[in-house]
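Engineer: Structure in structure tokens, see below.
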Amino acid sequence: MFALVANQKVVRDWPCFGVVLGGSFLPRGGYTVLLFKMQFMLLFSRQGKLRLQKWYVPLSDKEKKKITRELVQTVLARKPKMCSFLEWRDLKIVYKRYASLYFCCAIEDQDNELITLEIIHRYVELLDKYFGSVCELDIIFNFEKAYFILDEFLLGGEAQETSKKNVLKAIEQADLLQEKSHSA
Amino acid sequence: MALRRMPAPIRLRELIRTIRTARTQAEEREMIQKECAAIRSSFREEDNTYRCRNVAKLLYMHMLGYPAHFGQLECLKLIASQKFTDKRIGYLGAMLLLDERQDVHLLMTNCIKNDLNHSTQYVQGLALCTLGCMGSSEMCRDLAGEVEKLLKTSNSYLRKKAALCAVHVIRKVPELMEMFLPATKNLLSEKNHGVLHTSVVLLTEMCERSPDMLAHFRKLVPQLVRILKNLIMSGYSPEHDVSGISDPFLQVRILRLLRILGKGDDDSSEAMNDILAQVATNTETSKNVGNAILYETVLTIMDIKSESGLRVLAINILGRFLLNNDKNIRYVALTSLLKTVQTDHNAVQRHRSTIVDCLKDLDVSIKRRAMELSFALVNGNNIRGMMKELLYFLDSCDPEFKADCASGVFLAAEKYAPSKRWHIDTIMRVLTTAGSYVRDDSVPNLIQLITNSVEMHAYTVQRLYKALLDDISQQPLVQVASWCIGEYGDLLVSGQCEEEEPIQVTEDEVLDVLEGLLVSNLSTPVTRGYALTAIMKLSTRFTSVNRIKKVVSIYGSSIDVELQQRAVEYNALFKKYDHMRPALLERMPIMEKTASNGPTEIVQTNGEAEPSVVEAKHPPPVTQPTNQANDLLDLLGGNDVVPVIQTTVPTKPASAGGELLDLLGDLSLSGGPAPAPATSVPSSQPAFLLDGLTSPPLFNDIAAAGIPPMTAYNKNGLKIDFTFERANPNPNIAVITIHASNSTEADMTDFVFQAAVPKTFQLQLLSPSSNVVPALNQGTVTQVIRVLNPQKQQLRMRIKLTYTHKGSAVQDLAEVNNFPPQSWQ
């Protein structure tokens with residue numbers, strides 16, 4: 001099936017990617033830097049355990065771990081009465097706590113923080129509808145489903161579907177398809 | 001030999017349950033290692049049945065932080081499988097474990113290509129999602145055609161995903177943008193909200209990247225306005241409703257696209273004026289979702305060429321936001337106000353007291369923004385009140401703010417101090433409360449300020465002396481105090497202070513304090529240097545010369561080389577050059593004010609950081625203020641320039657105003673837009689510049705009197721022409737309009753024009769027409785400069801241009817000397 005590629009050197013520094021840790025995504029050709037983009041979303045517990053990580057920018061595992069560690073620390077240190085936004089490196093972090101889970105998004109400079117809160121809320125509503133009164137355990141034991149739902153709602157960091165009903169319908173159909181292929 | 005079949009790998013949920021029972025990290029690691037070993041064996045067996053389950057488990061363990069790279073190829077195998085369940089996990093695994101940095105990911109390309117053409121839309125969806133999330137440039141190049149095809153499908157489920165996938169492709173490979181243009185033709189006629197939303201995102205992406213696309217899509221403005229109108233006016237739609245608002249996500253994206261299309265374009269801006277007003281007034285504000293839309297609306301109004309009524313509406317919305325109980329709303333209000341304070345200064349001033357209240361907020365981000373905004377709002381009228389609040393803030397704020405706040409206070413005080421006494425008191429306050437946080441260059445700046453406030457010397461030295469008695473730990477304070485005592489110690493002991501009750505202090509007490517600084521562990525070497533020199537200076541001001549001689553000779557053998565050198569030289573001064581000592585240690589002359597941030601220049605005149613005060617080669621600093629000042633100017637090669645009339649204070653370096661503290665450091669610049677002339681008559685401005693002129697742009701005013709235009713600058717494709725008019729009735733005012741044009745093929749964005757003139761002139765810059773100079777001479781940026789030239793001197797100007805061109809920041813300085821004589825005679 002596959003001819004295993006003999007040379008599996010991991011390329012560490014392709015010059016065409018001007019992605020600096022946490023920085024804006026610089027395309028080739030030196031065009032204007034893009035400033036509306038969700039770079040990543042993290043879900044973590046109050047003890048700092050990661051429950052979901054969705055990255056929309058290419059970073060090495062090491063970099064992801066570093067960012068996650070720092071950000072989790074920063075967010076967990078926030079007092080309850082503080083606002084949901086903070087500046088971190090050159091990104092804006094929008095976070096909200098739902099029960100024992102923190103939902104944390106990193107957006108770029110020009111993005112609208114308030115609508116990002118709505119995006120987070122919409123995702124939580126979707127999870128809630130799907131799992132029926134979702135709690136952290138649901139996400140832990142069904143993490144792959146949480147990803148599937150996220151991937152029906154957002155694509156490349158942008159909302160692909162603004163109707164709750166349609167997202168859930170798509171998931172439902174995909175689940176059915178999975179059932180069928182399993183039993184096949 | 002019987003083949004022993006491996007037992008079926010444990011299920012995912014069971015593994016999760018098991019791992020969660022681990023009581024220690026070590027126990028967990030052991031479980032993970034065991035399971036990983038089992039999974040590895042299973043992979044080696046090329047077991048198709050359980051590959052999916054194993055990869056899923058691997059993904060879980062990866063999330064816990066354990067390495068999972070050995071599963072990468074397995075993900076590819078899953079993607080290539082025909083079973084949907086395999087593909088689902090396979091693609092998920094690819095998105096989690098692979099990225100474009102690994103060669104391996106390219107192997108996905110073929111599978112994705114096949115899956116993009118799959119008969120089942122959910123498979124196509126998986127492929128689109130994966131490509132749109134993590135596709136590398138190579139993959140995007142290979143698959144762009146497929147994405148483009150899907151962008152034209154009538155299946156809205158796929159079309160919306162294809163649109164976002166196209167966005168990703170364009171981000172990775174901008175050259176491919178053109179190929180998606182045909183498919184965008186009727187994207188906005190879709191009824192499906194998902195497609196609409198993603199289409200608007202795609203259009204936004206294209207417009208942001210290419211001025212040609214932007215121009216091309218401007219014609220969509222009426223359609224976008226219609227769609228937005230329908231969303232607002234339509235009745236309750238359960239599918240898209242969020243707290244009574246119909247599809248807020250789509251509304252926000254449309255508003256954003258309108259912003260981009262309307263920016264710098266009068267017609268488009270006018271076409272969207274009504275809908276913006278409608279959204280601004282009709283949106284429900286009780287929940288976050290309504291405020292999110294209002295926020296986007298405000299951002300759009302401020303960015304396009306909106307009429308003033310609409311702008312006022314926008315600022316008022318922000319003002320209301322400031323009073324909202326919700327911290328998040330207050331935060332975005334402050335952020336937005338910070339962006340608009342330069343252009344709509346007076347409107348923002350109206351909300352000053354609310355902004356100042358935000359300094360007391362508990363949230364760090366809100367405090368920071370409130371601080372920045374407060375500094376931006378300080379002017380000659382409100383300086384006393386504002387400074388009181390800001391100093392109070394300085395007292396109580398977190399250390400992370402203190403340096404910036406202190407700098408801001410110094411700057412504001414320098415610009416707007418109502419009196420010298422107030423200025424010095426303010427500085428004292430900063431030094432005593434945040435003395436360890438002030439920046440290094442504050443010390444020479446303050447010394448210069450104090451030197452020049454001749455009538456305050458006695459008061460200043462007394463206050464500084466008292467401060468030293470309290471606390472010698474804050475080095476900037478100690479350094480300034482030492483310097484002052486060295487200079488004005490005679491005033492201190494003679495009790496000449498007029499401003500407050502003079503204290504009784506003897507020479508010995510003063511020397512005690514200074515010697516205390518020399519020995520204290522808290523003093524840095526630099527501080528010690530200051531202290532020693534101060535003691536030395538007092539030898540010509542005090543009578544207890546013997547004591548001073550003794551101290552100086554002790555430090556001749558100091559371990560600190562700097563101190564030793566000084567002491568040795570001072571010793572020499574006592575012995576061999578005693579006749580020169582009085583002249584050398586004379587009072588410092590008034591230093592010409594060169595810059596608020598020129599530490600190096602001032603260090604030269606101050607001589608404090610330089611040990612060689614005594615070398616015979618150096619001429620003594622004899623008191624000849626004006627000549628020396630001129631020499632100074634020649635040295636610096638610059639003209640001393642009067643601070644330009646400007647109603648806004650430059651804030652942190654990050655903002656536009658910060659450029660003032662820059663290369664043209666010895667010139668005070670007027671940079672950036674001044675408030676719109678129609679509404680603002682800054683009260684700090686002397687009356688004559690606006691004598692008899694009530695109407696805005698002066699091109700309406702009379703008469704050019706035939707002054708020929710000139711080209712002031714022409715380099716790298718940027719050409720700036722000046723045209724002239726005389727303002728009536730004041731013939732001393734020349735009105736210059738700059739016309740900036742750009743002959744290159746790329747726009748020059750964030751264009752800022754700044755100008756400085758010699759001291760005898762005064763300069764006012766009004767708002768520029770825009771800050772984008774379009775490519776290929778398609779338009780010009782104009783800006784009006786008014787120059788007051790009462791002495792009819794020859795007009796000279798130094799200009800500074802900053803802009804962004806093809807992604808990089810460009811900056812240039814130039815002298816303009818070729819003004820036609822009629823413009824200044």
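In the structure tokens, the first chain shown is A, the next is B, and so on; residue numbers restart at 1 for each chain, and ligands run from 1 in the order shown.
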Fewer than 2 positions away in the same chain doesn't count, so skip those; otherwise give me all residues within 10 Å of Ile503 of chain B, counting only C-alpha atoms, as number ranges by chain.
Structural biologist: B: 462-463, 465-466, 492-497, 500-501, 505-506
Engineer: Write out as a list in words the residues lying within 10 Å of Ile112 of chain B, counting only C-alpha atoms and excluding same-chain residues fewer than 3 positions away.
Structural biologist: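 These residues fall inside the cut-off: Ile79, Ala80, Tyr91, Leu107, Met108, Thr109, Asp115, Leu116, Asn117, His118, Val123, Gln124, Leu126, Ala127, Leu128, Thr130, Leu131, Met139, Leu143 and Glu146 of chain B.
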Engineer: Compile the contact shell of Glu158 of chain A as a tab-separated table (two decimals) with N, CA, C and O atoms, in the first residue's frame: residues with an atom at most 9 Å away, counting only C-alpha atoms, same-chain residues fewer than 3 positions apart removed.
Structural biologist:
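Written file, around-v2.tsv:
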chain	number	residue	atom	x	y	z
A	37	LYS	N	-8.18	36.05	12.96
A	37	LYS	CA	-8.06	34.59	12.90
A	37	LYS	C	-8.01	34.03	14.29
A	37	LYS	O	-7.34	34.57	15.17
A	38	MET	N	-8.69	32.91	14.47
A	38	MET	CA	-8.54	32.19	15.71
A	38	MET	C	-7.34	31.28	15.54
A	38	MET	O	-7.28	30.50	14.59
A	153	PHE	N	-18.58	22.63	13.50
A	153	PHE	CA	-18.96	24.00	13.83
A	153	PHE	C	-17.94	25.00	13.28
A	153	PHE	O	-18.27	25.99	12.65
A	154	LEU	N	-16.65	24.71	13.54
A	154	LEU	CA	-15.60	25.60	13.06
A	154	LEU	C	-14.73	24.88	12.03
A	154	LEU	O	-14.54	23.68	12.12
A	155	LEU	N	-14.22	25.64	11.10
A	155	LEU	CA	-13.27	25.08	10.14
A	155	LEU	C	-12.17	26.12	9.92
A	155	LEU	O	-12.48	27.27	9.58
B	164	LEU	N	-14.43	27.98	3.32
B	164	LEU	CA	-13.42	28.17	4.36
B	164	LEU	C	-12.12	27.49	4.00
B	164	LEU	O	-11.04	27.95	4.35
B	198	THR	N	-19.72	31.76	5.48
B	198	THR	CA	-18.38	31.40	5.00
B	198	THR	C	-18.01	32.17	3.74
B	198	THR	O	-16.84	32.49	3.53
B	201	VAL	N	-16.72	35.42	4.80
B	201	VAL	CA	-15.36	35.25	5.29
B	201	VAL	C	-14.38	35.18	4.12
B	201	VAL	O	-13.32	35.81	4.13
Engineer: Find the residues near Lys164 of chain A: any atom within 12 Å, counting only C-alpha atoms, skip ones fewer than 3 places away on the same chain, and give them as a VMD selection string.
Structural biologist: (chain A and resid 119 121 to 130 149 to 150 152 to 153 159 to 161 167 to 171) or (chain B and resid 193 to 194 238 to 242 247)
Engineer: Can you list, as number ranges by chain, every protein, DNA or RNA residue that comes within 12 Å of Glu400 of chain B when you count only C-alpha atoms, leaving out same-chain residues fewer than 2 positions away?
Structural biologist: B: 364-365, 367-368, 394, 396-398, 402-406, 434, 437-438
Engineer: I'd like the neighbourhood of segment 92-103 of chain A as JSON, numbers by chain, where a residue qualifies if any of its atoms comes within 7 Å (using only C-alpha atoms), though same-chain residues fewer than 3 positions away should be ignored.
Structural biologist: {"A": [42, 43, 44, 45, 46, 84, 85, 86, 87, 88, 106, 107, 108, 109, 113, 117, 120, 136]}
Engineer: Which chain B residues are at most 7 Å from chain A (counting only C-alpha atoms), as a VMD selection string?
Structural biologist: chain B and resid 13 16 63 to 64 83 to 85 99 to 103 122 129 132 to 134 160 to 161 164 168 171 to 173 193 to 194 198 209 239 to 240 247 249 288 to 289 292 296 327 to 328 363 365 806 to 807
Engineer: Taking the chain letters and numbering used in this document, name the residues of segment 199-445 of chain B that DSSP puts in alpha helix (DSSP H), as a ChimeraX atom specification.
Structural biologist: /B:199-209,211-217,221-233,248-262,266-282,288-303,308-322,327-340,345-349,352-357,364-377,383-396,399-416,420-434,442-445
Engineer: Just the number, please: distance in Å from atom CA of Gly244 of chain B to atom CA of Gly290 of chain B, one decimal.
Structural biologist: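 Taking atom CA of Gly244 of chain B and atom CA of Gly290 of chain B, their separation equals 9.0 Å.
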Engineer: For Ile254 of chain B, please output as a CSV table (one decimal) with all heavy atoms, in the first residue's frame all residues within 9 Å (counting only C-alpha atoms; exclusion window: fewer than 2 positions along the same chain).
Structural biologist:
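For reference, selection35.csv as written:
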chain,number,residue,atom,x,y,z
B,197,HIS,N,-22.3,32.9,5.5
B,197,HIS,CA,-21.3,33.3,6.5
B,197,HIS,C,-19.9,33.0,5.9
B,197,HIS,O,-19.0,33.8,5.9
B,197,HIS,CB,-21.6,32.5,7.8
B,197,HIS,CG,-20.6,32.9,8.9
B,197,HIS,ND1,-19.4,32.3,9.1
B,197,HIS,CD2,-20.7,33.8,9.9
B,197,HIS,CE1,-18.8,32.8,10.1
B,197,HIS,NE2,-19.6,33.8,10.6
B,200,VAL,N,-18.9,35.2,3.1
B,200,VAL,CA,-18.5,36.6,3.6
B,200,VAL,C,-17.0,36.5,4.1
B,200,VAL,O,-16.2,37.4,3.8
B,200,VAL,CB,-19.4,37.1,4.6
B,200,VAL,CG1,-18.9,38.4,5.2
B,200,VAL,CG2,-20.8,37.4,4.0
B,201,VAL,N,-16.7,35.4,4.8
B,201,VAL,CA,-15.4,35.3,5.3
B,201,VAL,C,-14.4,35.2,4.1
B,201,VAL,O,-13.3,35.8,4.1
B,201,VAL,CB,-15.2,34.0,6.2
B,201,VAL,CG1,-13.8,33.7,6.6
B,201,VAL,CG2,-16.1,34.1,7.4
B,204,THR,N,-14.0,38.5,2.5
B,204,THR,CA,-13.2,39.4,3.4
B,204,THR,C,-11.7,39.1,3.2
B,204,THR,O,-10.9,40.0,3.1
B,204,THR,CB,-13.6,39.2,4.9
B,204,THR,OG1,-14.9,39.3,5.0
B,204,THR,CG2,-12.8,40.1,5.8
B,224,LEU,N,-24.8,43.4,0.3
B,224,LEU,CA,-24.5,43.1,1.7
B,224,LEU,C,-25.4,43.9,2.6
B,224,LEU,O,-25.9,43.4,3.6
B,224,LEU,CB,-23.0,43.5,2.0
B,224,LEU,CG,-22.0,42.5,1.4
B,224,LEU,CD1,-20.6,43.2,1.4
B,224,LEU,CD2,-22.0,41.2,2.1
B,225,VAL,N,-25.7,45.2,2.2
B,225,VAL,CA,-26.6,46.0,3.0
B,225,VAL,C,-27.9,45.4,3.1
B,225,VAL,O,-28.6,45.3,4.1
B,225,VAL,CB,-26.6,47.4,2.4
B,225,VAL,CG1,-27.7,48.2,3.1
B,225,VAL,CG2,-25.3,48.2,2.6
B,227,ILE,N,-28.8,42.2,2.7
B,227,ILE,CA,-28.8,41.0,3.5
B,227,ILE,C,-28.8,41.3,5.0
B,227,ILE,O,-29.6,40.8,5.8
B,227,ILE,CB,-27.5,40.1,3.2
B,227,ILE,CG1,-27.5,39.6,1.8
B,227,ILE,CG2,-27.5,38.9,4.2
B,227,ILE,CD1,-26.2,38.9,1.4
B,228,LEU,N,-28.0,42.3,5.4
B,228,LEU,CA,-28.0,42.7,6.8
B,228,LEU,C,-29.3,43.3,7.2
B,228,LEU,O,-29.8,43.0,8.3
B,228,LEU,CB,-26.9,43.8,6.9
B,228,LEU,CG,-26.5,44.2,8.4
B,228,LEU,CD1,-26.2,43.0,9.2
B,228,LEU,CD2,-25.3,45.2,8.3
B,249,PHE,N,-23.6,36.0,14.3
B,249,PHE,CA,-22.3,35.7,13.6
B,249,PHE,C,-22.3,36.2,12.2
B,249,PHE,O,-21.3,36.9,11.8
B,249,PHE,CB,-22.1,34.2,13.6
B,249,PHE,CG,-22.2,33.5,14.9
B,249,PHE,CD1,-23.3,32.7,15.3
B,249,PHE,CD2,-21.2,33.7,15.9
B,249,PHE,CE1,-23.4,32.1,16.5
B,249,PHE,CE2,-21.3,33.1,17.2
B,249,PHE,CZ,-22.4,32.3,17.5
B,250,LEU,N,-23.3,36.0,11.5
B,250,LEU,CA,-23.4,36.6,10.1
B,250,LEU,C,-23.4,38.1,10.1
B,250,LEU,O,-22.7,38.7,9.3
B,250,LEU,CB,-24.6,36.0,9.4
B,250,LEU,CG,-24.8,36.4,7.9
B,250,LEU,CD1,-23.5,36.0,7.1
B,250,LEU,CD2,-26.0,35.7,7.3
B,251,GLN,N,-24.2,38.7,11.0
B,251,GLN,CA,-24.2,40.1,11.1
B,251,GLN,C,-22.8,40.7,11.3
B,251,GLN,O,-22.4,41.6,10.7
B,251,GLN,CB,-25.2,40.6,12.3
B,251,GLN,CG,-26.6,40.3,12.0
B,251,GLN,CD,-27.5,41.1,12.9
B,251,GLN,OE1,-27.2,42.2,13.3
B,251,GLN,NE2,-28.7,40.5,13.3
B,252,VAL,N,-22.1,40.1,12.3
B,252,VAL,CA,-20.8,40.6,12.6
B,252,VAL,C,-19.9,40.5,11.4
B,252,VAL,O,-19.1,41.4,11.1
B,252,VAL,CB,-20.2,39.9,13.8
B,252,VAL,CG1,-18.7,40.1,13.9
B,252,VAL,CG2,-20.9,40.4,15.1
B,256,ARG,N,-18.1,43.5,9.3
B,256,ARG,CA,-16.6,43.6,9.1
B,256,ARG,C,-16.3,43.7,7.6
B,256,ARG,O,-15.4,44.5,7.3
B,256,ARG,CB,-16.0,42.3,9.6
B,256,ARG,CG,-14.5,42.4,9.9
B,256,ARG,CD,-13.9,41.2,10.5
B,256,ARG,NE,-14.5,41.0,11.9
B,256,ARG,CZ,-14.3,39.9,12.6
B,256,ARG,NH1,-13.6,38.9,12.1
B,256,ARG,NH2,-14.8,39.8,13.8
B,257,LEU,N,-16.9,43.0,6.8
B,257,LEU,CA,-16.7,43.2,5.3
B,257,LEU,C,-17.0,44.6,4.8
B,257,LEU,O,-16.3,45.2,4.1
B,257,LEU,CB,-17.4,42.1,4.5
B,257,LEU,CG,-17.2,42.1,3.0
B,257,LEU,CD1,-15.7,42.0,2.7
B,257,LEU,CD2,-18.0,41.0,2.4
B,258,LEU,N,-18.1,45.1,5.4
B,258,LEU,CA,-18.5,46.4,5.0
B,258,LEU,C,-17.4,47.4,5.4
B,258,LEU,O,-17.1,48.4,4.7
B,258,LEU,CB,-19.9,46.8,5.6
B,258,LEU,CG,-21.1,46.2,5.0
B,258,LEU,CD1,-22.3,46.5,5.9
B,258,LEU,CD2,-21.3,46.6,3.6
B,259,ARG,N,-16.9,47.2,6.6
B,259,ARG,CA,-15.8,48.0,7.0
B,259,ARG,C,-14.7,48.1,6.0
B,259,ARG,O,-14.1,49.2,5.7
B,259,ARG,CB,-15.3,47.5,8.4
B,259,ARG,CG,-14.1,48.3,8.9
B,259,ARG,CD,-14.0,48.2,10.4
B,259,ARG,NE,-13.3,47.1,11.0
B,259,ARG,CZ,-13.9,46.2,11.8
B,259,ARG,NH1,-15.2,46.3,12.0
B,259,ARG,NH2,-13.2,45.3,12.3
Engineer: Which value, in Å to one decimal, gives the distance between atom CA of Asp440 of chain B and atom CA of Pro476 of chain B?
Structural biologist: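 Separation between atom CA of Asp440 of chain B and atom CA of Pro476 of chain B: 7.5 Å.
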